[in-house]
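Text of my_file.tsv (TSV, C-alpha atoms) as supplied:
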```tsv
chain	number	residue	atom	x	y	z
A	1	MET	CA	-47.02	13.93	13.89
A	2	ILE	CA	-44.79	14.62	16.87
A	3	ARG	CA	-44.85	12.05	19.66
A	4	ARG	CA	-44.06	13.17	23.17
A	5	PHE	CA	-42.66	10.81	25.78
A	6	PRO	CA	-43.79	9.20	27.97
A	7	LEU	CA	-46.32	7.68	25.62
A	8	LYS	CA	-49.03	5.35	26.97
A	9	ALA	CA	-48.60	2.26	24.84
A	10	ALA	CA	-50.55	-0.70	26.22
A	11	SER	CA	-51.11	-2.70	29.37
A	12	TRP	CA	-48.23	-4.54	31.00
A	13	LYS	CA	-49.23	-7.85	32.52
A	14	ILE	CA	-46.64	-9.30	34.87
A	15	THR	CA	-46.80	-12.95	35.88
A	16	ILE	CA	-44.27	-14.14	38.45
A	17	PHE	CA	-43.27	-17.75	39.04
A	18	LEU	CA	-41.79	-18.21	42.52
A	19	ILE	CA	-42.88	-21.76	43.39
A	20	GLU	CA	-39.94	-24.03	42.67
A	21	GLY	CA	-40.72	-26.96	40.40
A	22	ASP	CA	-44.21	-25.65	39.53
A	23	ILE	CA	-45.24	-24.12	36.21
A	24	ALA	CA	-48.22	-22.29	37.74
A	25	PRO	CA	-47.81	-18.56	38.44
A	26	SER	CA	-47.49	-17.40	42.02
A	27	GLN	CA	-48.20	-13.66	41.56
A	28	TYR	CA	-49.90	-11.44	38.98
A	29	SER	CA	-50.19	-7.73	38.27
A	30	ASN	CA	-51.60	-5.56	35.50
A	31	HIS	CA	-50.47	-1.98	34.81
A	32	ASP	CA	-50.51	0.79	32.23
A	33	ALA	CA	-47.38	0.58	30.08
A	34	TYR	CA	-45.57	3.75	29.04
A	35	ILE	CA	-42.74	4.12	26.54
A	36	ASP	CA	-40.36	6.62	28.14
A	37	LYS	CA	-37.66	6.48	25.50
A	38	ASP	CA	-37.23	4.85	22.09
A	39	PHE	CA	-34.04	5.77	20.30
A	40	GLY	CA	-32.08	4.06	17.57
A	41	CYS	CA	-29.42	5.00	15.06
A	42	THR	CA	-27.41	3.22	12.41
A	43	LEU	CA	-24.25	4.27	10.62
A	44	GLU	CA	-23.59	2.46	7.34
A	45	THR	CA	-21.16	2.68	4.48
A	46	GLY	CA	-21.22	0.78	1.21
A	47	TYR	CA	-20.77	0.88	-2.52
A	48	ARG	CA	-23.61	0.83	-5.05
A	49	PHE	CA	-23.22	-1.39	-8.12
A	50	ARG	CA	-25.55	-0.62	-11.07
A	51	PHE	CA	-26.45	-3.00	-13.86
A	52	SER	CA	-29.02	-1.56	-16.28
A	53	ASP	CA	-32.29	-1.42	-14.23
A	54	TRP	CA	-30.79	-3.36	-11.30
A	55	GLU	CA	-28.61	-2.23	-8.44
A	56	ILE	CA	-26.84	-4.02	-5.60
A	57	LEU	CA	-25.73	-2.24	-2.42
A	58	PRO	CA	-23.54	-4.15	0.08
A	59	THR	CA	-22.88	-2.25	3.31
A	60	LEU	CA	-21.07	-2.46	6.62
A	61	GLY	CA	-22.78	-0.79	9.54
A	62	PHE	CA	-23.08	-0.29	13.26
A	63	SER	CA	-26.37	0.17	15.16
A	64	TYR	CA	-27.33	1.34	18.63
A	65	ILE	CA	-30.84	1.03	20.12
A	66	ASN	CA	-32.02	2.26	23.54
A	67	ARG	CA	-35.56	1.79	24.83
A	68	LYS	CA	-37.18	2.37	28.19
A	69	TRP	CA	-40.63	1.34	29.45
A	70	THR	CA	-42.39	1.98	32.74
A	71	ALA	CA	-45.34	0.10	34.22
A	72	GLN	CA	-47.44	2.25	36.49
A	73	ASP	CA	-50.78	2.33	38.28
A	74	GLY	CA	-52.99	-0.76	37.97
A	75	CYS	CA	-53.39	-3.63	40.43
A	76	LEU	CA	-51.66	-6.58	42.10
A	77	GLN	CA	-53.03	-10.01	42.92
A	78	TYR	CA	-50.69	-11.76	45.35
A	79	PRO	CA	-52.04	-14.85	47.14
A	80	VAL	CA	-51.19	-15.24	50.82
A	81	TYR	CA	-49.96	-18.76	50.13
A	82	GLY	CA	-49.62	-20.99	47.07
A	83	LYS	CA	-50.53	-20.43	43.46
A	84	TRP	CA	-52.22	-17.43	41.86
A	85	THR	CA	-55.75	-18.35	40.78
A	86	GLY	CA	-57.16	-15.00	39.63
A	87	GLU	CA	-59.68	-15.04	42.50
A	88	GLU	CA	-57.42	-13.11	44.91
A	89	PRO	CA	-58.52	-9.59	45.91
A	90	LYS	CA	-57.07	-6.86	43.70
A	91	GLN	CA	-54.80	-4.37	45.43
A	92	ASP	CA	-54.76	-1.03	43.58
A	93	ILE	CA	-51.36	0.53	42.91
A	94	VAL	CA	-50.65	4.19	42.14
A	95	GLY	CA	-47.34	5.29	40.64
A	96	ALA	CA	-44.41	3.53	39.00
A	97	VAL	CA	-44.17	-0.22	39.63
A	98	VAL	CA	-41.54	-1.54	37.19
A	99	GLY	CA	-38.99	0.19	34.95
A	100	TYR	CA	-37.23	-1.62	32.12
A	101	GLU	CA	-34.42	-0.09	30.07
A	102	GLN	CA	-32.49	-1.90	27.37
A	103	ALA	CA	-29.47	-0.89	25.28
A	104	VAL	CA	-28.43	-3.01	22.27
A	105	TRP	CA	-25.53	-2.42	19.91
A	106	PHE	CA	-24.20	-4.45	17.01
A	107	PRO	CA	-22.15	-4.29	13.82
A	108	SER	CA	-23.86	-5.54	10.67
A	109	ILE	CA	-23.28	-6.63	7.12
A	110	SER	CA	-26.18	-5.96	4.76
A	111	LEU	CA	-27.12	-6.46	1.16
A	112	THR	CA	-29.83	-4.59	-0.72
A	113	THR	CA	-30.86	-5.32	-4.27
A	114	GLY	CA	-33.29	-3.22	-6.23
A	115	HIS	CA	-34.96	-3.03	-9.61
A	116	ALA	CA	-36.16	0.20	-11.19
A	117	ILE	CA	-39.75	-0.31	-12.34
A	118	LYS	CA	-40.28	3.27	-13.54
A	119	ASP	CA	-38.31	6.50	-13.29
A	120	ARG	CA	-39.08	7.05	-9.62
A	121	LEU	CA	-40.39	3.64	-8.54
A	122	VAL	CA	-38.03	0.95	-7.28
A	123	PHE	CA	-38.71	-2.53	-5.93
A	124	SER	CA	-36.02	-3.59	-3.47
A	125	LEU	CA	-35.19	-6.40	-1.07
A	126	SER	CA	-32.68	-6.11	1.74
A	127	GLY	CA	-31.35	-8.21	4.57
A	128	TYR	CA	-28.62	-8.00	7.14
A	129	ILE	CA	-26.74	-10.18	9.55
A	130	SER	CA	-25.02	-9.22	12.78
A	131	PRO	CA	-22.03	-11.38	13.59
A	132	ILE	CA	-22.02	-10.18	17.21
A	133	VAL	CA	-24.65	-8.48	19.41
A	134	TRP	CA	-24.27	-6.90	22.86
A	135	SER	CA	-27.12	-5.96	25.19
A	136	GLU	CA	-27.52	-4.52	28.69
A	137	THR	CA	-30.79	-4.33	30.59
A	138	ILE	CA	-31.80	-2.72	33.87
A	139	ASP	CA	-35.03	-4.15	35.29
A	140	SER	CA	-36.16	-2.10	38.32
A	141	HIS	CA	-38.99	-3.35	40.55
A	142	PHE	CA	-39.88	-0.25	42.58
A	143	VAL	CA	-42.52	-1.81	44.88
A	144	ARG	CA	-40.24	-4.72	45.85
A	145	LEU	CA	-37.12	-2.49	45.99
A	146	LEU	CA	-35.22	-4.81	43.61
A	147	ARG	CA	-33.03	-4.06	40.61
A	148	PHE	CA	-31.78	-6.65	38.11
A	149	TYR	CA	-28.92	-6.00	35.70
A	150	ASP	CA	-28.71	-8.37	32.74
A	151	THR	CA	-26.07	-8.56	30.03
A	152	MET	CA	-25.86	-10.48	26.79
A	153	GLU	CA	-22.48	-10.62	25.10
A	154	LYS	CA	-21.22	-12.06	21.88
A	155	SER	CA	-24.58	-13.22	20.60
A	156	PHE	CA	-25.47	-13.69	16.92
A	157	GLY	CA	-28.31	-11.88	15.18
```

Will you turn the file into structure tokens for me?
Amino acid sequence: MIRRFPLKAASWKITIFLIEGDIAPSQYSNHDAYIDKDFGCTLETGYRFRFSDWEILPTLGFSYINRKWTAQDGCLQYPVYGKWTGEEPKQDIVGAVVGYEQAVWFPSISLTTGHAIKDRLVFSLSGYISPIVWSETIDSHFVRLLRFYDTMEKSFG
């Protein structure tokens, strides 16, 4: 099956906390969520060790992931003053409200072990660790005319 983007995925509920020192939300909105882009690739190299019906495959790799979502249409509930209660009138919105794009890249070390059960049937278990992860995110709020740029460097995954 071929998927075409943008793909309507779910609803995107946004709760905003602007009242300092209070854990209650101050604004709320609900929108259709669309996946505009979902791309990932991994390049790995390794050596396969075979022992009778068992095999072990250690690898070194590098991965890149890029995803983009858009929230559009739906409604806002912004109180004139104070906390959001859910009783505020709903203001309908048409068009793009929020865009969120994230790029993540990381090297990895992985290990896969497998056992041949029959000629063409294998049971395997694999895991990987990333000693360092980088990420960049652009969070665009179109209605409020705001753009946030976030970075995460030298994380562990």

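One finds CA of Val143 (chain A) at 21.8 Å from CA of Leu7 (chain A).
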
Length of the CA of Ile23 (chain A) to CA of Lys68 (chain A) vector [Å]: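 Taking CA of Ile23 (chain A) as the start and CA of Lys68 (chain A) as the end point, the length is 28.8 Å.
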
Distance query Trp12 (chain A) at most 10 Å, only C-alpha atoms, self and fewer than 5 positions along chain excluded, as number ranges by chain: A: 29-34, 69-72, 74, 98

Residue with smallest distance to Glu153 (chain A) - pool A:Phe123, A:Phe106, A:Tyr128, A:Trp84, counting only C-alpha atoms: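 Checking each of A:Phe123, A:Phe106, A:Tyr128, A:Trp84 against Glu153 (chain A), counting only C-alpha atoms, the winner is A:Phe106.
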
Polymer residues at most 6 Å from Ala116 (chain A), only C-alpha atoms, same-chain spacing of 2 or more positions, as a list in words: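 Within the cut-off, the hits are Asp53, Lys118 and Val122 of chain A.
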
Keeping only C-alpha atoms, write the selected residues as an mmCIF file, in the frame of the given file.
```
data_model
loop_
_atom_site.group_PDB
_atom_site.id
_atom_site.type_symbol
_atom_site.label_atom_id
_atom_site.label_comp_id
_atom_site.auth_asym_id
_atom_site.auth_seq_id
_atom_site.Cartn_x
_atom_site.Cartn_y
_atom_site.Cartn_z
ATOM 1 C CA ASP A 53 -32.290 -1.420 -14.230
ATOM 2 C CA LYS A 118 -40.280 3.270 -13.540
ATOM 3 C CA VAL A 122 -38.030 0.950 -7.280
#
```

Between CA of Gly95 (chain A) and CA of Lys8 (chain A) - distance in Å to one decimal: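 One can read the CA of Lys8 (chain A) to CA of Gly95 (chain A) distance as 13.8 Å.
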
Pick from A:Gln102, A:Gly21, A:Ile132, A:Leu111 nearest to Asp150 (chain A), counting all atoms listed in the file: A:Gln102

Nearest residue to Thr45 (chain A) from the set A:Met152, A:Ile16, A:Cys75, A:Ile109 (distances using all atoms listed in the file): A:Ile109

Enumerate, as a short mmCIF file (atom, residue, chain, number, x, y, z; two decimals) with C-alpha atoms, in the coordinates of the input, the protein, DNA and RNA residues whose atoms approach (-23.1, -8.1, 13.2) to within 9 Å, taking into account all atoms listed in the file and the coordinate frame of the file.
```
data_model
loop_
_atom_site.label_atom_id
_atom_site.label_comp_id
_atom_site.auth_asym_id
_atom_site.auth_seq_id
_atom_site.Cartn_x
_atom_site.Cartn_y
_atom_site.Cartn_z
CA LEU A 60 -21.07 -2.46 6.62
CA GLY A 61 -22.78 -0.79 9.54
CA PHE A 62 -23.08 -0.29 13.26
CA PHE A 106 -24.20 -4.45 17.01
CA PRO A 107 -22.15 -4.29 13.82
CA SER A 108 -23.86 -5.54 10.67
CA ILE A 109 -23.28 -6.63 7.12
CA TYR A 128 -28.62 -8.00 7.14
CA ILE A 129 -26.74 -10.18 9.55
CA SER A 130 -25.02 -9.22 12.78
CA PRO A 131 -22.03 -11.38 13.59
CA ILE A 132 -22.02 -10.18 17.21
CA VAL A 133 -24.65 -8.48 19.41
CA PHE A 156 -25.47 -13.69 16.92
CA GLY A 157 -28.31 -11.88 15.18
#
```

Selected residue, from A:Ile56, A:Ile35, A:Ile19, A:Ile14, that lies nearest to Tyr81 (chain A) when counting all atoms listed in the file: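 Looking only at the distances to Tyr81 (chain A), the closest residue turns out to be A:Ile19.
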
Residue nearest Leu145 (chain A) among A:Val97, A:Glu55, A:Ser26, A:Thr112 (counting only C-alpha atoms): A:Val97

Box dimensions and centre (Å, one decimal) enclosing region 148-157 of chain A, axis-aligned, 4 Å extra per side, as lines of an AutoDock Vina configuration file:
```
center_x = -26.5
center_y = -9.8
center_z = 26.6
size_x = 18.6
size_y = 15.7
size_z = 30.9
```

Spatial neighbours of Pro89 (chain A), 12 Å, all atoms listed in the file, chain gap at least 2 places, as a VMD selection string: chain A and resid 27 to 29 75 to 80 84 to 87 91 to 92

Residue nearest Ala24 (chain A) - candidates A:Thr59, A:Glu136, A:Lys83, A:Ile93, atoms counted: all atoms listed in the file: A:Lys83

Selection near Thr113 (chain A), 8 Å with all atoms listed in the file, sequence-local residues under 4 positions removed, as a PyMOL selection string: chain A and resi 54-57+124-126
